[in-house]
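Q: First the structure, then my questions, so here it is.
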Amino acid sequence: MDKIGEQKFIINKVKILNHRWIIADYSDGDYWGEALIKYFINDDETVSFENFQTLLYQK
């Protein structure tokens with residue numbers, strides 16, 4: 001994956017939609033986007049995450 005800038009992307013806001021989906025808003029100060037994340041609660045009570053889809057908005 002190509003690097004976009006010098007700054008790291010940081011998650012600004014997380015919203016839990018239901019028992020399976022999370023939407024996260026992220027930015028690096030110049031660019032921003034959203035990610036749709038699928039999560040699972042495992043039998044041993046750990047949580048697993050799967051990045052389902054991401055969107056990076058134009059500057």
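Residue numbers start at 1 in each chain; chains themselves are named A, B, ... in the order of the structure tokens; ligands are numbered from 1 in the order shown.
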List the spatial neighbours of stretch 39-46 of chain A as a list in words - criterion: any atom at most 7 Å away, only C-alpha atoms, same-chain residues fewer than 4 positions off excluded.
A: Arg20, Trp21 and Glu50 of chain A
Q: Do you know which residues are at most 8 Å from A:Gly33 counting only C-alpha atoms, after dropping those on the same chain fewer than 2 positions away, and could you put them as a list of chain:residue names?
A: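 Counting only C-alpha atoms, the residues come to A:Asp25, A:Tyr26, A:Ser27, A:Tyr31, A:Ala35, A:Thr54, A:Leu55, A:Leu56, A:Tyr57.
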Q: Given the selection you just returned, output its residues as a file containing N, CA, C and O atoms, formatted as a compact mmCIF listing (two decimals), in the first residue's frame.
A:
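File part.txt, as written:
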```
# COMPACT_ATOMS: atom_id res chain seq x y z
N ASP A 25 -14.93 6.73 11.73
CA ASP A 25 -14.50 7.92 11.00
C ASP A 25 -13.03 8.15 11.33
O ASP A 25 -12.66 8.12 12.50
N TYR A 26 -12.19 8.33 10.32
CA TYR A 26 -10.75 8.50 10.56
C TYR A 26 -10.19 9.63 9.71
O TYR A 26 -10.77 10.02 8.69
N SER A 27 -9.05 10.19 10.14
CA SER A 27 -8.38 11.24 9.37
C SER A 27 -6.91 11.31 9.74
O SER A 27 -6.48 10.75 10.75
N TYR A 31 -6.51 14.31 4.98
CA TYR A 31 -7.46 13.38 4.36
C TYR A 31 -8.34 12.76 5.43
O TYR A 31 -7.92 12.63 6.58
N ALA A 35 -14.78 3.80 7.61
CA ALA A 35 -14.58 2.36 7.47
C ALA A 35 -15.78 1.64 8.04
O ALA A 35 -16.30 2.02 9.10
N THR A 54 -13.73 0.35 3.12
CA THR A 54 -13.24 1.66 3.52
C THR A 54 -13.49 2.66 2.39
O THR A 54 -13.61 2.29 1.23
N LEU A 55 -13.57 3.91 2.77
CA LEU A 55 -13.80 4.98 1.82
C LEU A 55 -12.91 6.15 2.22
O LEU A 55 -12.92 6.58 3.38
N LEU A 56 -12.10 6.65 1.29
CA LEU A 56 -11.25 7.81 1.53
C LEU A 56 -11.76 8.94 0.64
O LEU A 56 -11.82 8.80 -0.58
N TYR A 57 -12.16 10.04 1.27
CA TYR A 57 -12.73 11.16 0.53
C TYR A 57 -11.63 12.00 -0.11
O TYR A 57 -10.52 12.07 0.39
```
Q: Which residue is closest to A:Val47? Choose from A:His19, A:Ile4, A:Val14, A:Phe9 and count only C-alpha atoms.
A: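 Using only C-alpha atoms, the shortest distance to A:Val47 belongs to A:His19.
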Q: Could you give me the residues within chain A that DSSP places in strand (DSSP E or B), as a CSV table (one decimal) with C-alpha atoms, in the first residue's frame?
A:
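Written output follows (out.csv):
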```csv
chain,number,residue,atom,x,y,z
A,10,ILE,CA,-6.3,8.3,13.6
A,11,ILE,CA,-9.8,7.1,14.4
A,12,ASN,CA,-11.9,10.1,15.4
A,13,LYS,CA,-15.3,8.6,16.0
A,14,VAL,CA,-16.8,5.1,16.3
A,15,LYS,CA,-20.4,4.2,16.1
A,16,ILE,CA,-21.7,0.7,16.9
A,21,TRP,CA,-21.3,-3.7,12.4
A,22,ILE,CA,-19.3,-0.7,13.4
A,23,ILE,CA,-18.7,2.6,11.4
A,24,ALA,CA,-15.4,4.4,12.1
A,25,ASP,CA,-14.5,7.9,11.0
A,26,TYR,CA,-10.8,8.5,10.6
A,27,SER,CA,-8.4,11.2,9.4
A,32,TRP,CA,-10.4,11.7,6.0
A,33,GLY,CA,-12.6,8.7,5.4
A,34,GLU,CA,-14.9,6.1,6.9
A,35,ALA,CA,-14.6,2.4,7.5
A,36,LEU,CA,-17.3,-0.3,7.8
A,37,ILE,CA,-16.0,-2.9,10.2
A,38,LYS,CA,-17.6,-6.3,11.0
A,39,TYR,CA,-16.9,-7.6,14.4
A,40,PHE,CA,-17.4,-11.0,16.1
A,41,ILE,CA,-17.5,-12.0,19.8
A,47,VAL,CA,-13.5,-9.8,19.9
A,48,SER,CA,-12.3,-10.2,16.3
A,49,PHE,CA,-12.6,-7.4,13.7
A,50,GLU,CA,-12.8,-7.7,9.9
A,51,ASN,CA,-12.4,-4.6,7.8
A,52,PHE,CA,-15.3,-4.9,5.4
A,53,GLN,CA,-15.1,-1.7,3.4
A,54,THR,CA,-13.2,1.7,3.5
A,55,LEU,CA,-13.8,5.0,1.8
A,56,LEU,CA,-11.2,7.8,1.5
```
